[in-house]
>>> print(open('start-v6.txt').read())   # compact mmCIF, C-alpha atoms and all ligand atoms
# COMPACT_ATOMS: atom_id res chain seq x y z
CA MET A 1 -19.52 31.96 15.59
CA SER A 2 -16.60 30.02 14.18
CA GLU A 3 -16.28 29.99 10.40
CA LYS A 4 -17.06 26.72 8.61
CA VAL A 5 -13.88 24.93 7.54
CA PRO A 6 -14.08 24.39 3.76
CA THR A 7 -14.29 20.79 2.50
CA PRO A 8 -11.70 19.36 0.07
CA GLY A 9 -13.41 20.46 -3.16
CA THR A 10 -13.43 24.06 -1.99
CA GLN A 11 -9.90 23.75 -0.59
CA ALA A 12 -8.60 22.39 -3.91
CA VAL A 13 -9.97 25.44 -5.72
CA TRP A 14 -9.28 28.19 -3.19
CA ALA A 15 -6.45 27.26 -0.81
CA GLY A 16 -3.50 29.60 -1.25
CA GLU A 17 -5.28 31.63 -3.95
CA HIS A 18 -6.12 34.64 -1.79
CA ARG A 19 -2.51 35.81 -1.57
CA ALA A 20 -2.19 39.18 -3.29
CA LEU A 21 0.12 38.50 -6.21
CA GLY A 22 0.31 40.65 -9.32
CA GLY A 23 -2.20 43.42 -8.78
CA ASP A 24 -5.82 42.39 -9.34
CA ALA A 25 -5.11 39.22 -11.32
CA THR A 26 -7.51 36.45 -10.34
CA GLN A 27 -4.95 33.81 -11.33
CA VAL A 28 -1.60 33.26 -9.63
CA PRO A 29 1.13 34.76 -11.84
CA VAL A 30 4.25 32.79 -12.69
CA ILE A 31 7.10 34.75 -11.13
CA HIS A 32 10.22 33.75 -13.03
CA SER A 33 12.54 36.21 -11.31
CA VAL A 34 15.43 34.47 -9.56
CA SER A 35 16.06 37.26 -7.07
CA TYR A 36 14.18 40.03 -5.23
CA GLY A 37 15.51 43.56 -4.79
CA TYR A 38 15.45 45.40 -1.48
CA GLY A 39 15.91 49.17 -1.32
CA GLU A 40 16.35 49.03 2.43
CA VAL A 41 19.20 47.00 3.86
CA GLU A 42 17.42 46.57 7.21
CA GLN A 43 14.34 45.04 5.56
CA TRP A 44 16.54 42.82 3.37
CA LYS A 45 18.24 41.56 6.49
CA SER A 46 15.03 40.88 8.39
CA VAL A 47 13.63 38.88 5.41
CA ALA A 48 16.94 37.03 5.13
CA VAL A 49 16.90 35.98 8.78
CA GLY A 50 13.21 35.07 8.61
CA GLU A 51 11.84 37.82 10.85
CA GLU A 52 9.74 39.19 8.02
CA ALA A 53 7.92 37.34 5.20
CA GLY A 54 9.43 37.72 1.74
CA HIS A 55 11.61 36.15 -0.91
CA ILE A 56 15.35 36.53 -1.46
CA TYR A 57 16.53 33.99 -4.00
CA GLY A 58 14.74 31.42 -6.17
CA ARG A 59 16.49 28.32 -4.86
CA ASN A 60 15.08 29.09 -1.42
CA SER A 61 11.57 30.28 -2.18
CA ASN A 62 9.33 31.73 -4.88
CA PRO A 63 5.84 33.30 -4.70
CA THR A 64 4.25 30.95 -7.29
CA VAL A 65 5.81 27.89 -5.66
CA ALA A 66 4.61 29.11 -2.25
CA VAL A 67 0.97 29.16 -3.42
CA PHE A 68 1.25 25.55 -4.61
CA GLU A 69 2.81 24.49 -1.29
CA GLU A 70 -0.01 26.25 0.58
CA LYS A 71 -2.72 24.51 -1.47
CA VAL A 72 -1.31 21.04 -0.74
CA ARG A 73 -0.70 21.95 2.93
CA VAL A 74 -4.39 22.81 3.34
CA LEU A 75 -5.56 19.71 1.45
CA GLU A 76 -3.44 17.42 3.66
CA GLY A 77 -4.32 19.33 6.83
CA GLY A 78 -0.72 20.00 7.91
CA LYS A 79 0.93 22.93 9.69
CA ALA A 80 3.64 23.50 7.06
CA ALA A 81 4.65 22.42 3.56
CA THR A 82 7.68 22.58 1.33
CA SER A 83 8.27 21.43 -2.23
CA ALA A 84 10.93 19.84 -4.41
CA SER A 85 11.70 19.47 -8.10
CA THR A 86 10.27 15.92 -8.27
CA GLY A 87 8.59 13.37 -6.04
CA MET A 88 11.91 11.54 -5.70
CA ALA A 89 13.59 14.80 -4.65
CA ALA A 90 10.93 15.25 -1.96
CA ILE A 91 11.48 11.67 -0.77
CA SER A 92 15.29 11.60 -0.83
CA ASN A 93 15.64 15.10 0.66
CA SER A 94 13.29 14.15 3.52
CA LEU A 95 15.22 10.96 4.24
CA PHE A 96 18.67 12.56 4.03
CA ALA A 97 17.53 15.50 6.17
CA LEU A 98 16.24 13.24 8.96
CA LEU A 99 18.84 10.43 8.94
CA ALA A 100 22.50 10.13 9.94
CA PRO A 101 25.02 7.32 10.45
CA GLY A 102 23.77 4.83 13.04
CA LYS A 103 20.09 5.70 12.51
CA ARG A 104 17.58 3.02 11.57
CA VAL A 105 14.77 2.95 9.01
CA VAL A 106 11.91 0.45 9.01
CA SER A 107 10.00 0.27 5.74
CA ILE A 108 8.33 -2.18 3.35
CA LYS A 109 9.51 -4.11 0.30
CA ASP A 110 6.86 -2.57 -1.96
CA THR A 111 7.83 1.10 -1.85
CA TYR A 112 8.04 3.01 -5.15
CA GLY A 113 11.00 1.76 -7.23
CA GLY A 114 13.10 4.92 -6.77
CA THR A 115 12.49 4.97 -3.02
CA ASN A 116 13.54 1.34 -2.86
CA ARG A 117 16.83 2.28 -4.55
CA VAL A 118 17.49 4.97 -1.93
CA PHE A 119 17.02 2.29 0.75
CA ALA A 120 18.97 -0.43 -1.06
CA ASP A 121 21.85 1.50 -2.65
CA TYR A 122 22.38 4.94 -1.07
CA LEU A 123 21.42 5.26 2.59
CA PRO A 124 23.52 2.19 3.53
CA GLN A 125 26.58 4.01 2.10
CA TYR A 126 26.16 6.52 4.94
CA GLY A 127 25.82 3.93 7.67
CA VAL A 128 22.03 4.03 7.90
CA ASP A 129 20.52 0.68 8.86
CA ILE A 130 17.55 -0.28 6.67
CA GLU A 131 14.99 -2.98 7.44
CA LEU A 132 12.50 -3.71 4.65
CA CYS A 133 9.56 -5.81 5.87
CA GLU A 134 7.04 -7.93 3.98
CA THR A 135 4.60 -5.26 2.90
CA ASP A 136 1.33 -6.41 4.39
CA ASP A 137 2.84 -8.19 7.41
CA HIS A 138 1.84 -5.74 10.16
CA GLU A 139 3.23 -8.02 12.89
CA GLN A 140 6.68 -8.10 11.27
CA ILE A 141 6.71 -4.31 10.90
CA GLU A 142 5.71 -3.90 14.57
CA ALA A 143 8.37 -6.41 15.68
CA GLU A 144 11.06 -4.50 13.75
CA LEU A 145 9.84 -1.19 15.19
CA ALA A 146 10.12 -2.59 18.70
CA LYS A 147 13.87 -3.18 18.07
CA GLY A 148 14.30 0.59 17.66
CA CYS A 149 13.57 2.93 14.77
CA ASP A 150 14.24 6.54 13.74
CA VAL A 151 12.14 6.70 10.57
CA LEU A 152 9.14 4.52 9.71
CA TYR A 153 8.52 4.94 5.98
CA LEU A 154 5.20 3.73 4.52
CA GLU A 155 3.23 3.77 1.31
CA THR A 156 -0.41 2.66 0.89
CA PRO A 157 -1.99 1.51 -1.37
CA THR A 158 1.23 0.20 -2.91
CA ASN A 159 2.29 0.30 -6.51
CA PRO A 160 1.61 -1.92 -8.52
CA THR A 161 -0.05 -4.59 -6.35
CA LEU A 162 -2.31 -2.27 -4.27
CA LYS A 163 -1.47 -3.78 -0.90
CA VAL A 164 -2.99 -1.81 1.98
CA LEU A 165 -1.33 -0.88 5.27
CA ASP A 166 -3.21 0.14 8.44
CA LEU A 167 -1.78 3.62 8.92
CA ALA A 168 -3.27 4.37 12.37
CA ARG A 169 -1.98 1.07 13.77
CA LEU A 170 1.52 1.42 12.31
CA ALA A 171 1.85 5.14 13.11
CA LYS A 172 1.13 4.31 16.74
CA ALA A 173 3.72 1.51 16.75
CA GLY A 174 6.20 3.89 15.07
CA HIS A 175 5.63 6.57 17.70
CA ASP A 176 5.98 4.02 20.51
CA ALA A 177 9.44 3.32 19.09
CA GLY A 178 10.22 7.06 18.90
CA ALA A 179 10.22 7.13 15.08
CA VAL A 180 9.22 9.89 12.67
CA VAL A 181 6.43 8.38 10.55
CA ILE A 182 6.53 9.27 6.83
CA VAL A 183 3.78 8.29 4.36
CA ASP A 184 3.97 8.56 0.57
CA ASN A 185 0.34 9.48 -0.26
CA THR A 186 0.83 9.78 -4.03
CA VAL A 187 -1.44 6.89 -5.02
CA ALA A 188 -4.32 7.73 -2.64
CA THR A 189 -4.24 11.57 -2.78
CA PRO A 190 -5.65 13.73 0.06
CA ILE A 191 -9.13 13.36 -1.45
CA ASN A 192 -9.11 9.65 -0.57
CA GLN A 193 -6.76 9.45 2.42
CA LYS A 194 -5.36 11.86 5.04
CA PRO A 195 -2.26 10.25 6.62
CA LEU A 196 -1.68 13.15 9.06
CA GLU A 197 -5.14 12.56 10.61
CA LEU A 198 -4.22 8.87 10.93
CA GLY A 199 -1.06 9.73 12.88
CA ALA A 200 1.69 10.26 10.28
CA ASP A 201 4.23 13.04 10.89
CA LEU A 202 5.12 13.80 7.27
CA VAL A 203 3.16 13.22 4.06
CA ILE A 204 4.99 13.15 0.75
CA HIS A 205 3.63 13.41 -2.79
CA SER A 206 4.90 12.96 -6.23
CA ALA A 207 2.82 15.92 -7.45
CA THR A 208 3.73 14.70 -10.94
CA LYS A 209 0.94 12.14 -10.64
CA PHE A 210 -2.63 12.80 -9.41
CA LEU A 211 -2.07 16.28 -7.89
CA GLY A 212 -0.93 17.77 -11.20
CA GLY A 213 -3.05 15.24 -13.04
CA HIS A 214 -2.04 16.17 -16.59
CA ALA A 215 1.36 14.49 -16.96
CA ASP A 216 2.98 17.77 -17.99
CA ALA A 217 5.01 18.83 -14.93
CA LEU A 218 7.30 17.15 -12.41
CA GLY A 219 7.18 18.09 -8.74
CA GLY A 220 7.15 16.91 -5.14
CA VAL A 221 5.63 18.18 -1.88
CA VAL A 222 6.22 17.44 1.81
CA VAL A 223 3.59 18.36 4.44
CA GLY A 224 3.77 18.07 8.23
CA SER A 225 4.75 19.93 11.39
CA GLU A 226 6.68 23.21 11.16
CA GLU A 227 9.71 21.63 12.83
CA LEU A 228 10.00 18.64 10.48
CA VAL A 229 9.16 20.58 7.32
CA GLU A 230 11.76 23.20 8.26
CA LYS A 231 14.40 20.45 8.50
CA VAL A 232 13.48 19.08 5.06
CA TYR A 233 13.37 22.60 3.58
CA ALA A 234 16.80 23.49 5.01
CA TYR A 235 18.32 20.39 3.39
CA ARG A 236 16.48 20.83 0.07
CA GLU A 237 17.55 24.48 -0.14
CA ILE A 238 21.22 23.45 0.00
CA ASN A 239 20.76 20.25 -2.00
CA GLY A 240 19.23 22.50 -4.66
CA ALA A 241 16.33 20.34 -5.90
CA THR A 242 13.96 23.32 -6.13
CA LEU A 243 10.52 23.19 -7.77
CA HIS A 244 10.48 25.38 -10.89
CA PRO A 245 7.85 28.21 -10.83
CA MET A 246 6.43 27.14 -14.21
CA ALA A 247 6.02 23.56 -12.97
CA ALA A 248 4.47 24.93 -9.76
CA TYR A 249 1.94 26.87 -11.85
CA LEU A 250 0.96 23.81 -13.90
CA LEU A 251 0.66 21.67 -10.75
CA LEU A 252 -1.35 24.43 -9.06
CA ARG A 253 -3.77 24.59 -11.98
CA GLY A 254 -4.07 20.82 -12.05
CA THR A 255 -4.71 20.59 -8.32
CA LYS A 256 -7.73 22.91 -8.63
CA THR A 257 -9.66 20.05 -10.26
CA LEU A 258 -8.24 17.29 -8.05
CA HIS A 259 -11.53 16.45 -6.32
CA LEU A 260 -13.46 16.18 -9.61
CA ARG A 261 -10.82 14.03 -11.26
CA ILE A 262 -10.42 11.74 -8.25
CA GLU A 263 -14.17 11.27 -7.90
CA ARG A 264 -14.34 10.12 -11.52
CA GLN A 265 -11.13 8.08 -11.32
CA ASN A 266 -12.39 6.29 -8.18
CA GLN A 267 -15.64 5.41 -10.03
CA ASN A 268 -13.84 4.31 -13.20
CA ALA A 269 -11.29 2.18 -11.34
CA GLN A 270 -14.05 0.49 -9.29
CA ALA A 271 -16.12 -0.26 -12.41
CA VAL A 272 -13.10 -1.53 -14.36
CA ALA A 273 -12.00 -3.75 -11.43
CA GLU A 274 -15.49 -5.25 -11.06
CA HIS A 275 -15.74 -5.83 -14.80
CA LEU A 276 -12.34 -7.53 -15.01
CA LEU A 277 -13.24 -9.96 -12.20
CA ASN A 278 -15.53 -11.77 -14.63
CA GLN A 279 -13.27 -11.87 -17.69
CA PRO A 280 -11.90 -15.24 -18.81
CA ARG A 281 -8.36 -14.12 -19.73
CA VAL A 282 -7.87 -12.24 -16.45
CA THR A 283 -6.25 -14.31 -13.70
CA SER A 284 -6.41 -11.81 -10.80
CA VAL A 285 -7.55 -8.26 -10.03
CA ASN A 286 -5.91 -6.10 -7.35
CA TYR A 287 -8.08 -3.19 -6.20
CA PRO A 288 -8.82 -2.22 -2.59
CA GLY A 289 -12.41 -1.38 -3.53
CA LEU A 290 -13.16 -5.07 -4.22
CA SER A 291 -14.69 -6.84 -1.21
CA GLY A 292 -12.43 -9.84 -1.83
CA HIS A 293 -9.22 -7.74 -1.61
CA ALA A 294 -7.04 -8.62 1.41
CA GLY A 295 -6.86 -4.97 2.48
CA HIS A 296 -10.47 -4.03 1.74
CA GLU A 297 -11.58 -3.62 5.35
CA VAL A 298 -8.61 -1.49 6.36
CA ALA A 299 -8.98 0.56 3.17
CA ALA A 300 -12.69 1.09 3.86
CA LYS A 301 -11.80 2.30 7.38
CA GLN A 302 -9.00 4.72 6.47
CA MET A 303 -9.89 5.86 2.93
CA THR A 304 -12.86 7.88 1.70
CA GLY A 305 -12.38 6.48 -1.83
CA PHE A 306 -10.39 3.50 -3.10
CA GLY A 307 -8.32 5.37 -5.67
CA GLY A 308 -7.78 5.44 -9.41
CA MET A 309 -5.19 2.69 -9.75
CA LEU A 310 -5.57 -1.07 -10.04
CA SER A 311 -3.64 -3.99 -11.48
CA PHE A 312 -4.62 -7.30 -13.01
CA GLY A 313 -2.97 -10.46 -14.23
CA LEU A 314 -3.27 -11.77 -17.80
CA GLU A 315 -3.26 -15.44 -18.68
CA GLY A 316 -0.20 -16.11 -20.84
CA ASP A 317 2.31 -13.86 -19.06
CA LEU A 318 4.56 -11.57 -21.14
CA ASP A 319 3.26 -12.93 -24.45
CA ALA A 320 -0.21 -11.78 -23.44
CA VAL A 321 1.14 -8.39 -22.31
CA ARG A 322 2.83 -7.95 -25.71
CA LYS A 323 -0.53 -8.38 -27.44
CA PHE A 324 -2.72 -6.58 -24.90
CA ILE A 325 -0.88 -3.28 -24.49
CA PRO A 326 -0.66 -2.29 -28.19
CA ALA A 327 -4.32 -3.24 -28.66
CA MET A 328 -5.53 -0.61 -26.15
CA ARG A 329 -6.98 2.45 -27.91
CA HIS A 330 -7.94 4.76 -25.06
CA ALA A 331 -4.82 4.30 -22.94
CA HIS A 332 -1.26 5.49 -23.10
CA ALA A 333 1.30 2.74 -22.65
CA ALA A 334 3.64 4.63 -20.36
CA ALA A 335 5.58 4.61 -17.08
CA ASN A 336 3.26 7.07 -15.36
CA LEU A 337 0.00 7.20 -13.44
CA GLY A 338 -2.57 9.65 -12.16
CA ALA A 339 -3.22 11.60 -15.38
CA VAL A 340 -6.58 12.48 -16.98
CA GLU A 341 -5.84 9.86 -19.64
CA THR A 342 -5.96 6.16 -18.78
CA ILE A 343 -2.45 4.70 -18.63
CA VAL A 344 -1.41 1.04 -18.80
CA ALA A 345 2.00 -0.40 -18.02
CA ALA A 346 3.55 -3.78 -17.40
CA PRO A 347 5.60 -3.67 -14.17
CA ALA A 348 7.79 -6.47 -15.59
CA THR A 349 9.03 -4.02 -18.26
CA SER A 350 8.69 -0.70 -16.38
CA SER A 351 8.63 -0.10 -12.60
CA HIS A 352 10.17 -3.50 -11.74
CA VAL A 353 12.29 -4.14 -14.84
CA GLU A 354 15.44 -4.31 -12.70
CA CYS A 355 14.15 -7.24 -10.62
CA THR A 356 14.58 -10.86 -11.67
CA GLU A 357 11.46 -12.88 -12.48
CA GLU A 358 11.82 -14.60 -9.08
CA GLU A 359 12.09 -11.25 -7.24
CA ARG A 360 8.97 -10.02 -9.02
CA ALA A 361 7.13 -13.20 -8.11
CA ALA A 362 8.14 -12.74 -4.46
CA LEU A 363 6.59 -9.23 -4.57
CA GLY A 364 3.37 -10.69 -5.99
CA ILE A 365 4.07 -9.36 -9.49
CA PRO A 366 3.38 -12.06 -12.08
CA GLU A 367 4.94 -11.55 -15.54
CA GLY A 368 1.48 -10.94 -16.98
CA LEU A 369 0.54 -8.14 -14.55
CA ILE A 370 -0.88 -4.93 -16.02
CA ARG A 371 -0.99 -1.72 -13.99
CA TYR A 372 -4.04 0.33 -14.92
CA SER A 373 -4.34 3.98 -13.94
CA ALA A 374 -7.92 4.97 -14.69
CA GLY A 375 -8.37 8.30 -16.46
CA ILE A 376 -11.45 10.51 -16.49
CA GLU A 377 -12.88 9.13 -19.75
CA ASP A 378 -16.44 7.76 -19.94
CA ILE A 379 -16.64 4.31 -18.41
CA GLU A 380 -18.52 2.67 -21.33
CA ASP A 381 -15.58 3.43 -23.61
CA LEU A 382 -12.99 2.21 -21.10
CA ILE A 383 -14.82 -1.10 -20.66
CA ALA A 384 -15.31 -1.57 -24.41
CA ASP A 385 -11.63 -0.82 -24.96
CA LEU A 386 -10.55 -3.40 -22.36
CA ASP A 387 -12.90 -6.01 -23.85
CA GLN A 388 -11.53 -5.61 -27.37
CA ALA A 389 -7.91 -5.61 -26.13
CA LEU A 390 -8.55 -8.75 -24.06
CA LYS A 391 -9.86 -10.45 -27.22
CA ALA A 392 -6.46 -9.79 -28.84
CA VAL A 393 -4.70 -11.75 -26.09
C1 LIG A 401 6.07 8.53 -9.30
C2 LIG A 401 6.14 8.24 -7.86
C3 LIG A 401 7.19 8.75 -7.08
C4 LIG A 401 8.31 9.57 -7.66
O1 LIG A 401 7.87 10.77 -8.19
P1 LIG A 401 8.64 11.59 -9.33
O2 LIG A 401 7.86 12.85 -9.42
O3 LIG A 401 8.60 10.76 -10.59
O4 LIG A 401 10.04 11.78 -8.87
C5 LIG A 401 7.16 8.48 -5.73
N1 LIG A 401 6.20 7.73 -5.16
C6 LIG A 401 5.19 7.20 -5.87
C7 LIG A 401 4.15 6.37 -5.20
C8 LIG A 401 5.11 7.43 -7.25
O5 LIG A 401 4.13 6.91 -7.97
>>> encode(input="start-v6.txt", output="structure tokens")
Amino acid sequence: MSEKVPTPGTQAVWAGEHRALGGDATQVPVIHSVSYGYGEVEQWKSVAVGEEAGHIYGRNSNPTVAVFEEKVRVLEGGKAATSASTGMAAISNSLFALLAPGKRVVSIKDTYGGTNRVFADYLPQYGVDIELCETDDHEQIEAELAKGCDVLYLETPTNPTLKVLDLARLAKAGHDAGAVVIVDNTVATPINQKPLELGADLVIHSATKFLGGHADALGGVVVGSEELVEKVYAYREINGATLHPMAAYLLLRGTKTLHLRIERQNQNAQAVAEHLLNQPRVTSVNYPGLSGHAGHEVAAKQMTGFGGMLSFGLEGDLDAVRKFIPAMRHAHAAANLGAVETIVAAPATSSHVECTEEERAALGIPEGLIRYSAGIEDIEDLIADLDQALKAV
């Protein structure tokens, strides 16, 4: 009889944890040692050339970091995983490892701000051709793919306007063009969405956000086939953007409660979005869990939960934002998302501060937009807090 494959809640707790590390300790120890000593030169050599499992030097690999990589690998359902010091390091190392002069990337306008900078400012310096499509225009993306593509880079739901892309449809179009399909799954998390099952080749996370969940450690992960992950790892090893073992430990501990946090954050975000729909000072609500959202049907098809992040527009633009944000009591005003605490931010002053007002408008970001990352607090308090802050507007 085949053994039952554990479901995500069990995977979050147990994946990677069975490795024997540190005697009989039930918790993964933080191995700070930079190097590993070998009494036998032959064994040292076989570890160094990869014939035997083991660790040589901390920039390459580390036992604590390896457990974190394994946990996310299992949660995303990939064959291999590697990590990086931040989400941006995971993203840029993946892109630089897979691209070269003359190669072509097709992506969307609404990628994470840092990713957008890699596309706009850095890859073109190396002769990489970048085509950024209107985010929810699937036909335009498919038309650009048909012209030839080496990397299709996607993100869904997007930040901060929660646009939704049909991953199965676009992954197929990407593969027809011969592209490697990369998906940033930070906002959805593997509890709500499994891009590899939908056809993606590589899944990337800013583990800093929902995976870690406590806003106390930076990190990034890349999951996919052995061949692709090996390429990213080889580049990251030399580039040097290694995940620190202490950060790996904090992210590992956070990830153990991922399913519980996401379940609550999905519920809180849905309740907040529905509540805001009926508030007089709120001009729009973006959340894929709302039946009126443009991407609701696709989201319902490819996600098992609609996520912990939403955004909404305030009447009165930046003036309203200036009054609303300081009035919130149970929310950090910060450039972050995915933590146990609720977090609010105004894209006009944070993620998209470098755009002009016109550029923000073109991305569907009005000046009065608030990004709301639901925490795990009790919903009655979150709603009451929003109501009193809206009164201040
Ligand atoms: C935060 C974030 C990143 C970058 O992650 P860092 O850990 O801050 O480098 C990438 N993608 C998305 C969707 C993010 O929210």
>>> residues_near_ligand(input="start-v6.txt", ligand="ligand LIG 401 (chain A)", cutoff="6 Å", atoms="all atoms listed in the file", output="PyMOL selection string")
chain A and resi 86-88+112+186-187+206+208+218-220
>>> atom_distance(input="start-v6.txt", atom1="CA of Tyr122 (chain A)", atom2="CA of Tyr233 (chain A)")
20.4 Å
>>> residues_around(input="start-v6.txt", residues="Pro245 (chain A)", least_positions_apart="3", cutoff="7 Å", atoms="only C-alpha atoms", output="NGL selection string")
:A and (30-32 or 64-65 or 248-249)
>>> closest_residue(input="start-v6.txt", among="A:Ile91, A:Pro63, A:Ala179, A:Ser2", to="Lys103 (chain A)", atoms="only C-alpha atoms")
A:Ala179
>>> atom_distance(input="start-v6.txt", atom1="CA of Val72 (chain A)", atom2="CA of Ala200 (chain A)")
15.7 Å
>>> residues_near_point(input="start-v6.txt", point="(13.6, 2.8, 9.5)", cutoff="6 Å", atoms="all atoms listed in the file", output="list of chain:residue names")
A:Arg104, A:Val105, A:Val106, A:Ser107, A:Ile130, A:Cys149, A:Asp150, A:Val151, A:Leu152
